[in-house]
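*Asks:* For reference, this is structure26.tsv, and it has TSV, C-alpha atoms.
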chain	number	residue	atom	x	y	z
A	1084	MET	CA	67.56	-55.83	-136.46
A	1085	SER	CA	65.22	-58.76	-136.00
A	1086	ASP	CA	68.13	-61.02	-136.95
A	1087	VAL	CA	69.05	-62.02	-133.43
A	1088	PRO	CA	65.72	-63.70	-132.47
A	1089	LEU	CA	65.59	-65.23	-135.95
A	1090	ALA	CA	69.08	-66.71	-135.60
A	1091	LEU	CA	68.14	-68.02	-132.15
A	1092	ALA	CA	64.96	-69.62	-133.47
A	1093	LEU	CA	66.85	-71.21	-136.37
A	1094	ALA	CA	69.43	-72.58	-133.93
A	1095	LEU	CA	66.60	-74.03	-131.81
A	1096	VAL	CA	65.12	-75.71	-134.90
A	1097	ALA	CA	68.53	-77.16	-135.83
A	1098	VAL	CA	69.14	-78.52	-132.33
A	1099	ALA	CA	65.62	-79.93	-131.91
A	1100	GLY	CA	65.60	-81.50	-135.38
A	1101	THR	CA	69.00	-83.13	-134.94
A	1102	ALA	CA	68.05	-84.42	-131.51
A	1103	THR	CA	64.77	-85.83	-132.87
A	1104	VAL	CA	66.69	-87.81	-135.46
A	1105	LEU	CA	69.32	-89.05	-133.02
A	1106	VAL	CA	66.96	-90.18	-130.24
A	1107	ARG	CA	65.70	-93.73	-130.81
A	1108	ASP	CA	62.90	-94.17	-128.25
A	1109	PRO	CA	59.54	-93.12	-129.82
A	1110	VAL	CA	58.18	-91.69	-126.55
A	1111	ARG	CA	61.22	-89.44	-126.16
A	1112	GLN	CA	60.97	-88.57	-129.83
A	1113	SER	CA	57.40	-87.35	-129.31
A	1114	PHE	CA	58.59	-84.81	-126.72
A	1115	LEU	CA	61.33	-83.64	-129.08
A	1116	LEU	CA	58.84	-83.46	-131.95
A	1117	SER	CA	56.58	-81.13	-129.97
A	1118	LEU	CA	59.60	-78.94	-129.14
A	1119	LEU	CA	60.56	-78.94	-132.82
A	1120	GLY	CA	57.01	-77.84	-133.64
A	1121	LEU	CA	57.30	-74.94	-131.19
A	1122	ALA	CA	60.63	-73.83	-132.68
A	1123	LEU	CA	59.32	-74.12	-136.23
A	1124	ALA	CA	56.25	-72.04	-135.35
A	1125	LEU	CA	58.59	-69.38	-133.94
A	1126	VAL	CA	60.63	-69.38	-137.17
A	1127	PHE	CA	57.48	-69.02	-139.29
A	1128	LEU	CA	56.32	-66.14	-137.08
A	1129	LEU	CA	59.67	-64.36	-137.41
A	1130	PHE	CA	59.56	-64.82	-141.18
A	1131	GLN	CA	56.29	-62.81	-140.99
A	1132	ALA	CA	53.90	-65.70	-141.61
A	1133	PRO	CA	51.68	-65.82	-138.50
A	1134	ASP	CA	49.02	-67.86	-140.31
A	1135	VAL	CA	51.50	-70.65	-141.09
A	1136	ALA	CA	52.70	-70.41	-137.48
A	1137	LEU	CA	49.11	-70.93	-136.28
A	1138	SER	CA	48.63	-74.12	-138.25
A	1139	GLN	CA	52.10	-75.36	-137.31
A	1140	LEU	CA	51.21	-74.85	-133.64
A	1141	ALA	CA	47.95	-76.77	-134.03
A	1142	VAL	CA	49.72	-79.67	-135.76
A	1143	GLY	CA	52.98	-79.63	-133.83
A	1144	THR	CA	51.87	-79.26	-130.21
A	1145	ALA	CA	48.80	-81.48	-130.14
A	1146	LEU	CA	48.29	-83.68	-133.18
A	1147	THR	CA	51.79	-85.09	-133.80
A	1148	PRO	CA	52.39	-86.24	-130.18
A	1149	LEU	CA	48.86	-87.66	-130.08
A	1150	MET	CA	49.43	-89.80	-133.16
A	1151	VAL	CA	52.91	-90.94	-132.07
A	1152	LEU	CA	51.80	-91.84	-128.54
A	1153	LEU	CA	48.64	-93.60	-129.72
A	1154	SER	CA	50.67	-95.69	-132.19
A	1155	VAL	CA	53.23	-96.58	-129.51
A	1156	ARG	CA	50.43	-97.59	-127.16
A	1157	LYS	CA	48.72	-99.77	-129.74
A	1158	VAL	CA	51.94	-101.50	-130.82
A	1159	ARG	CA	52.98	-102.23	-127.25
A	1160	ARG	CA	49.55	-103.57	-126.32
A	1161	ARG	CA	49.54	-105.87	-129.34
A	1162	ALA	CA	53.05	-107.10	-128.50
A	1163	ARG	CA	51.97	-107.82	-124.92
A	1164	ASP	CA	48.88	-109.72	-126.05
A	1165	GLU	CA	50.96	-111.85	-128.41
A	1166	ARG	CA	53.43	-112.61	-125.64
A	1167	ARG	CA	50.57	-113.63	-123.35
A	1168	GLU	CA	49.13	-115.94	-126.03
A	1169	GLU	CA	52.52	-117.59	-126.41
A	1170	HIS	CA	52.66	-118.33	-122.69
A	1171	GLU	CA	49.21	-119.96	-122.66
B	397	MET	CA	66.25	-53.92	-131.78
B	398	ASN	CA	64.24	-52.34	-129.03
B	399	GLY	CA	63.78	-53.38	-125.43
B	400	TRP	CA	60.76	-55.60	-126.07
B	401	THR	CA	62.54	-57.62	-128.74
B	402	ALA	CA	65.61	-57.94	-126.52
B	403	ALA	CA	63.41	-59.12	-123.65
B	404	GLY	CA	61.69	-61.65	-125.89
B	405	THR	CA	65.01	-62.98	-127.15
B	406	ALA	CA	66.35	-63.21	-123.61
B	407	LEU	CA	63.21	-65.07	-122.52
B	408	LEU	CA	63.70	-67.53	-125.38
B	409	LEU	CA	67.38	-68.02	-124.61
B	410	PHE	CA	67.26	-68.23	-120.81
B	411	GLY	CA	63.69	-69.47	-120.29
B	412	ALA	CA	62.37	-71.53	-123.17
B	413	ALA	CA	65.66	-73.16	-124.18
B	414	PRO	CA	66.44	-74.58	-120.69
B	415	ALA	CA	62.80	-75.70	-120.37
B	416	GLY	CA	63.12	-77.43	-123.73
B	417	TRP	CA	66.31	-79.11	-122.58
B	418	ALA	CA	64.53	-80.33	-119.45
B	419	ALA	CA	61.68	-81.62	-121.61
B	420	ALA	CA	64.09	-83.49	-123.90
B	421	THR	CA	66.09	-85.31	-121.21
B	422	GLY	CA	65.52	-87.00	-117.89
B	423	PRO	CA	62.59	-88.89	-116.33
B	424	VAL	CA	59.08	-88.70	-117.77
B	425	ARG	CA	57.70	-86.75	-114.80
B	426	ARG	CA	60.15	-83.92	-115.36
B	427	ARG	CA	59.60	-83.99	-119.12
B	428	VAL	CA	55.85	-83.47	-118.83
B	429	VAL	CA	56.20	-80.52	-116.44
B	430	ALA	CA	59.02	-78.99	-118.50
B	431	GLN	CA	57.02	-79.33	-121.72
B	432	ASN	CA	54.25	-77.28	-120.13
B	433	SER	CA	56.76	-74.65	-119.00
B	434	ALA	CA	58.28	-74.53	-122.49
B	435	THR	CA	54.94	-73.82	-124.17
B	436	THR	CA	54.11	-71.13	-121.59
B	437	LEU	CA	57.48	-69.41	-122.01
B	438	VAL	CA	57.36	-69.55	-125.82
B	439	ALA	CA	53.90	-67.97	-125.75
B	440	LEU	CA	55.19	-65.17	-123.51
B	441	ALA	CA	58.18	-64.65	-125.82
B	442	VAL	CA	55.79	-64.38	-128.79
B	443	LEU	CA	53.84	-61.71	-126.91
B	444	LEU	CA	57.03	-59.74	-126.24
B	445	LEU	CA	58.20	-60.06	-129.86
B	446	ALA	CA	54.78	-58.92	-131.12
B	447	GLN	CA	55.08	-55.78	-128.99
B	448	GLY	CA	58.68	-55.30	-130.15
B	449	PHE	CA	57.78	-55.52	-133.83
B	450	GLY	CA	54.70	-53.35	-133.32
B	451	ARG	CA	52.40	-55.96	-134.84
B	452	PRO	CA	49.38	-56.83	-132.67
B	453	ALA	CA	48.42	-59.61	-135.11
B	454	TYR	CA	51.44	-61.58	-133.92
B	455	GLN	CA	49.67	-62.05	-130.58
B	456	ASP	CA	47.31	-64.61	-132.09
B	457	PRO	CA	49.84	-67.49	-132.11
B	458	ALA	CA	50.37	-66.82	-128.40
B	459	LEU	CA	46.63	-67.09	-127.82
B	460	VAL	CA	46.45	-70.37	-129.74
B	461	LEU	CA	49.48	-71.68	-127.87
B	462	ALA	CA	47.89	-70.73	-124.55
B	463	VAL	CA	44.97	-73.01	-125.42
B	464	LEU	CA	46.83	-75.83	-127.19
B	465	GLY	CA	49.92	-76.06	-124.96
B	466	PRO	CA	48.05	-77.29	-121.86
B	467	ALA	CA	46.00	-79.57	-124.13
B	468	GLY	CA	49.23	-81.17	-125.33
B	469	THR	CA	50.50	-81.55	-121.78
B	470	LEU	CA	47.21	-83.16	-120.70
B	471	LEU	CA	47.63	-85.49	-123.68
B	472	TYR	CA	51.05	-86.58	-122.41
B	473	VAL	CA	49.70	-87.02	-118.88
B	474	ARG	CA	46.82	-89.12	-120.17
B	475	LEU	CA	48.79	-91.36	-122.53
B	476	LEU	CA	51.84	-91.79	-120.28
B	477	ALA	CA	49.73	-92.35	-117.16
B	478	ASP	CA	51.26	-95.78	-116.47
B	479	LYS	CA	54.80	-94.42	-116.58
B	480	LEU	CA	53.85	-91.47	-114.37
B	481	ALA	CA	52.08	-93.76	-111.89
B	482	ALA	CA	55.04	-96.17	-111.78
B	483	GLY	CA	57.36	-93.53	-110.31
B	484	PRO	CA	57.22	-91.62	-107.03
B	485	ALA	CA	55.13	-88.50	-106.48
B	486	LEU	CA	56.32	-85.24	-107.98
B	487	PRO	CA	59.13	-83.63	-105.98
B	488	ARG	CA	58.71	-80.13	-104.63
B	489	SER	CA	60.94	-78.63	-107.31
B	490	LEU	CA	58.63	-79.76	-110.10
B	491	ARG	CA	55.58	-78.41	-108.31
B	492	ALA	CA	57.42	-75.09	-107.97
B	493	ALA	CA	57.54	-74.92	-111.79
B	494	THR	CA	53.90	-73.80	-111.66
B	495	LEU	CA	54.85	-70.85	-109.45
B	496	LEU	CA	57.66	-70.03	-111.89
B	497	ASN	CA	55.14	-70.00	-114.74
B	498	TYR	CA	52.84	-67.68	-112.77
B	499	ALA	CA	55.75	-65.32	-112.06
B	500	ALA	CA	56.78	-65.27	-115.73
B	501	VAL	CA	53.20	-64.55	-116.85
B	502	LEU	CA	52.90	-61.68	-114.36
B	503	LEU	CA	56.32	-60.25	-115.25
B	504	VAL	CA	55.56	-60.23	-118.99
B	505	VAL	CA	51.84	-59.40	-119.15
B	506	GLY	CA	52.04	-56.61	-116.57
B	507	PRO	CA	54.52	-54.38	-118.45
B	508	LEU	CA	52.82	-55.20	-121.76
B	509	CYS	CA	49.47	-54.02	-120.38
B	510	ALA	CA	51.12	-50.88	-119.03
B	511	ALA	CA	52.62	-50.16	-122.45
B	512	THR	CA	49.35	-50.72	-124.35
B	513	ASP	CA	46.64	-48.12	-124.74
B	514	PRO	CA	43.66	-48.93	-122.51
B	515	GLY	CA	40.86	-50.68	-124.33
B	516	ARG	CA	40.22	-54.00	-125.96
B	517	ALA	CA	43.94	-54.61	-126.59
B	518	VAL	CA	44.61	-54.67	-122.85
B	519	LEU	CA	41.65	-56.99	-122.33
B	520	LYS	CA	43.04	-59.34	-124.98
B	521	LEU	CA	46.43	-59.38	-123.25
B	522	LEU	CA	44.73	-60.10	-119.93
B	523	VAL	CA	42.72	-62.94	-121.48
B	524	ILE	CA	45.90	-64.48	-122.92
B	525	GLY	CA	47.69	-64.13	-119.58
B	526	ALA	CA	44.77	-65.66	-117.68
B	527	LEU	CA	44.60	-68.56	-120.14
B	528	LEU	CA	48.34	-69.15	-119.75
B	529	ALA	CA	48.19	-69.14	-115.95
B	530	LEU	CA	45.05	-71.29	-115.86
B	531	GLY	CA	46.46	-73.78	-118.37
B	532	SER	CA	49.69	-74.07	-116.41
B	533	ARG	CA	47.71	-74.74	-113.22
B	534	VAL	CA	45.46	-77.36	-114.82
B	535	ALA	CA	48.32	-79.18	-116.54
B	536	ASN	CA	50.56	-79.32	-113.49
B	537	ARG	CA	47.70	-80.43	-111.23
B	538	ALA	CA	46.92	-83.25	-113.66
B	539	ALA	CA	50.59	-84.25	-113.79
B	540	SER	CA	50.98	-84.34	-110.02
B	541	ALA	CA	47.67	-86.22	-109.61
B	542	ALA	CA	48.79	-88.84	-112.14
B	543	ALA	CA	52.20	-89.15	-110.50
B	544	SER	CA	50.84	-89.50	-106.96
B	545	SER	CA	48.11	-92.00	-107.92
B	546	GLY	CA	50.48	-94.94	-108.16
B	547	GLY	CA	53.33	-93.95	-105.84
B	548	GLY	CA	52.47	-96.69	-103.37
B	549	PRO	CA	54.14	-100.09	-102.88
B	550	GLY	CA	55.43	-100.47	-106.43
B	551	GLY	CA	57.67	-97.44	-106.12
B	552	PRO	CA	60.74	-96.59	-108.16
B	553	GLY	CA	62.72	-99.64	-107.14
B	554	GLY	CA	59.94	-102.13	-107.84
B	555	PRO	CA	60.65	-105.43	-109.55
B	556	PHE	CA	58.75	-104.48	-112.70
B	557	GLY	CA	59.73	-102.17	-115.49
B	558	PRO	CA	57.59	-99.12	-116.26
B	559	GLY	CA	55.70	-100.77	-119.13
B	560	GLU	CA	54.78	-104.09	-117.57
B	561	GLY	CA	53.66	-105.64	-114.31
B	562	PRO	CA	51.12	-104.30	-111.80
B	563	GLY	CA	52.42	-100.77	-112.10
B	564	ALA	CA	50.88	-100.50	-115.56
B	565	ARG	CA	47.45	-101.62	-114.39
B	566	PRO	CA	45.95	-98.40	-112.96
B	567	GLY	CA	46.72	-96.48	-116.13
B	568	GLU	CA	45.31	-99.25	-118.29
B	569	GLY	CA	42.14	-99.60	-116.26
B	570	THR	CA	41.07	-96.01	-116.81
B	571	SER	CA	41.77	-95.98	-120.54
B	572	ASP	CA	38.17	-96.03	-121.67
B	573	VAL	CA	37.97	-92.82	-123.70
C	988	MET	CA	3.68	-83.37	-117.44
C	989	ALA	CA	6.13	-80.59	-118.05
C	990	HIS	CA	6.52	-79.94	-114.34
C	991	PRO	CA	9.28	-82.47	-113.47
C	992	ARG	CA	11.36	-81.36	-116.46
C	993	ALA	CA	10.98	-77.64	-115.90
C	994	PRO	CA	13.88	-77.03	-113.44
C	995	GLY	CA	16.31	-79.05	-115.54
C	996	ALA	CA	15.33	-77.30	-118.75
C	997	LEU	CA	15.55	-73.93	-117.02
C	998	ALA	CA	19.04	-74.73	-115.71
C	999	THR	CA	20.16	-75.84	-119.16
C	1000	ALA	CA	18.79	-72.67	-120.73
C	1001	ALA	CA	20.55	-70.54	-118.11
C	1002	GLU	CA	23.81	-72.40	-118.69
C	1003	LEU	CA	23.48	-71.96	-122.46
C	1004	LEU	CA	22.78	-68.25	-122.03
C	1005	GLY	CA	25.80	-67.86	-119.75
C	1006	TRP	CA	28.14	-69.62	-122.15
C	1007	TRP	CA	26.70	-67.59	-125.03
C	1008	ALA	CA	27.25	-64.25	-123.27
C	1009	VAL	CA	30.81	-65.12	-122.20
C	1010	LEU	CA	31.80	-66.41	-125.64
C	1011	THR	CA	30.30	-63.41	-127.43
C	1012	VAL	CA	32.27	-61.06	-125.18
C	1013	LEU	CA	35.40	-63.16	-125.83
C	1014	TRP	CA	34.89	-62.89	-129.59
C	1015	ILE	CA	34.41	-59.12	-129.42
C	1016	VAL	CA	37.54	-58.74	-127.27
C	1017	LEU	CA	39.75	-60.86	-129.50
C	1018	ILE	CA	38.93	-59.44	-132.96
C	1019	SER	CA	40.80	-56.42	-134.31
C	1020	SER	CA	37.98	-54.18	-135.55
C	1021	VAL	CA	34.36	-54.12	-134.35
C	1022	ASP	CA	31.51	-53.59	-136.84
C	1023	THR	CA	28.02	-54.94	-137.49
C	1024	LEU	CA	29.12	-57.94	-139.54
C	1025	GLU	CA	31.53	-58.99	-136.80
C	1026	TRP	CA	28.74	-58.76	-134.24
C	1027	VAL	CA	26.47	-61.00	-136.35
C	1028	VAL	CA	29.18	-63.57	-137.02
C	1029	GLY	CA	30.34	-63.48	-133.40
C	1030	VAL	CA	26.84	-63.94	-131.98
C	1031	LEU	CA	26.15	-66.91	-134.27
C	1032	ALA	CA	29.54	-68.54	-133.64
C	1033	ALA	CA	29.17	-68.02	-129.90
C	1034	LEU	CA	25.73	-69.67	-130.00
C	1035	LEU	CA	27.22	-72.68	-131.79
C	1036	ALA	CA	30.12	-72.88	-129.34
C	1037	ALA	CA	27.75	-72.49	-126.37
C	1038	CYS	CA	25.75	-75.53	-127.54
C	1039	ALA	CA	29.02	-77.47	-127.89
C	1040	ALA	CA	30.15	-76.37	-124.41
C	1041	CYS	CA	26.85	-77.46	-122.83
C	1042	GLY	CA	27.10	-80.82	-124.57
C	1043	ALA	CA	30.70	-81.28	-123.50
C	1044	ARG	CA	29.89	-80.48	-119.88
C	1045	ARG	CA	26.99	-82.91	-119.88
C	1046	ALA	CA	29.15	-85.60	-121.50
C	1047	SER	CA	31.83	-85.19	-118.83
C	1048	GLY	CA	29.23	-85.77	-116.11
C	1049	GLY	CA	29.18	-82.22	-114.71
C	1050	ARG	CA	32.64	-82.54	-113.20
Step by step, read the file and then write its structure as structure tokens.
*Replies:*
Amino acid sequence: MSDVPLALALALVAVAGTATVLVRDPVRQSFLLSLLGLALALVFLLFQAPDVALSQLAVGTALTPLMVLLSVRKVRRRARDERREEHE
Amino acid sequence: MNGWTAAGTALLLFGAAPAGWAAATGPVRRRVVAQNSATTLVALAVLLLAQGFGRPAYQDPALVLAVLGPAGTLLYVRLLADKLAAGPALPRSLRAATLLNYAAVLLVVGPLCAATDPGRAVLKLLVIGALLALGSRVANRAASAAASSGGGPGGPGGPFGPGEGPGARPGEGTSDV
Amino acid sequence: MAHPRAPGALATAAELLGWWAVLTVLWIVLISSVDTLEWVVGVLAALLAACAACGARRASGGR
């Protein structure tokens, strides 16, 4: 009877994944990506794979948002510098 | 489906899912705090499910999440510092989220400790609970410090957007790591 | 010549020893079954992590 938490976790993955695709702002997407990582880790745990859940947690909660936010920061800074050069 | 599994499912449905919704919508300040709450509540749900399935090995993801969840929140606070500083200070309701996290940790870890045989297993549960409470405290203190650092003249109705103008300067100036 | 450095070195050694003891206890608490091999691995890993913790604290300026 572990079907109920499993169904709930699968529903969370479906909602978080769909929302991640539909949202267009990268910063908002990074929040949704970390939530998707949490839900996926829960699904892996309920499918009796705690080792996969561990690595999914490490990647999903810390590394993916870090890479997305760092890229956003770099792109925005470069865009601002180019705009400033155009003004001068 | 025993009581522990039911409690874990209920915590997911009525605790983690609303926290996730709060982290997915709304202003950045609320998102950061809600993301921290979501990781804390998911870790507690994992603890409850591990007890419900009778598998102590399932506690390890909760331990990892207790360490990595606050790290992720600190990451958001650090990299979104200009957006946090551009808005007003954290309202009282967001600071109360820390107390809610403490209450959830106590309500889950207490019964789990009572149900476990005394020994190293109880100590492990206590370590996980302490890490969760400590991480919640650290993350929310960092979020409120970042939000109150720039809540001065360039408040919410300032002439500049969140990504440009003087509001972005304090966050940029400290980005030396 | 060693006199001015002595208190600092002593404090570092005490800090390292403290980290090492805490991390060894943490390892022993978190593993599932305790035997000799686990003690050896735990003591060595805790020593490594204690060095890293001391370095990290020094790098952050003792905050």
*Asks:* Counting only C-alpha atoms, which residues of chain A sit at most 6 Å from some atom of chain B, and what is each one's closest atom pair with its distance in Å to one decimal, listed by chain and rising residue number, as a tab-separated table?
*Replies:*
residue	atom	partner	partner_atom	distance
A:Met1084	CA	B:Met397	CA	5.2
A:Pro1088	CA	B:Thr405	CA	5.4
A:Leu1115	CA	B:Ala420	CA	5.9
A:Leu1137	CA	B:Pro457	CA	5.5
A:Thr1144	CA	B:Gly468	CA	5.9
A:Ala1145	CA	B:Gly468	CA	4.8
*Asks:* Give me the residues near Ala1040 in chain C as a ChimeraX atom specification, where near means some atom within 12 Å (using all atoms listed in the file) and where sequence neighbours in that chain fewer than 2 positions away do not count.
*Replies:* /C:999,1002-1007,1009-1010,1033-1038,1042-1047,1049
*Asks:* Which distance in Å separates CA of Arg491 in chain B and CA of Ala535 in chain B, to one decimal?
*Replies:* 11.0 Å
*Asks:* Take CA of Ile524 in chain B and CA of Thr494 in chain B and report the distance between them in Å, one decimal.
*Replies:*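 For CA of Ile524 in chain B relative to CA of Thr494 in chain B, the distance reads 16.7 Å.
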*Asks:* When you draw a straight line from CA of Pro414 in chain B to CA of Ala500 in chain B, how long is it in Å?
*Replies:*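 Answer for the CA of Pro414 in chain B to CA of Ala500 in chain B separation: 14.3 Å.
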*Asks:* Check every residue of chain C for an atom within 12 Å of chain B, counting all atoms listed in the file, and provide those that qualify as a list in words.
*Replies:*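 My answer is Val1012, Leu1013, Trp1014, Ile1015, Val1016, Leu1017, Ile1018, Ser1019, Ser1020, Val1021, Ala1046 and Ser1047 of chain C.
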*Asks:* Rank B:Gln447, B:Ser532, B:Ser544, B:Ser433 by their smallest atom-to-atom distance to Pro487 in chain B, using all atoms listed in the file, and report the top residue only.
*Replies:*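 Selected residue with least distance to Pro487 in chain B: B:Ser544.
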*Asks:* Applying 12 Å and only C-alpha atoms, which residues near Val1098 in chain A remain after dropping the ones on its own chain fewer than 3 positions away? List them as an NGL selection string.
*Replies:* (:A and (1091-1095 or 1101-1105 or 1115-1116 or 1118-1119 or 1122-1123)) or (:B and (413 or 416-417 or 420))
*Asks:* Need the shell around range 1150-1159 of chain A: protein/DNA/RNA residues with any atom at most 7 Å away, counting all atoms listed in the file. Skip same-chain ones fewer than 3 positions apart. Format as number ranges by chain?
*Replies:* A: 1110, 1113, 1146-1147, 1162-1163; B: 475
*Asks:* With 6 Å on each side, where is the centre of the axis-aligned box around all listed atoms of range 1154-1163 of chain A, and how long are its edges in Å to one decimal, as lines of an AutoDock Vina configuration file?
*Replies:*
center_x = 51.0
center_y = -101.8
center_z = -128.6
size_x = 16.5
size_y = 24.1
size_z = 19.3
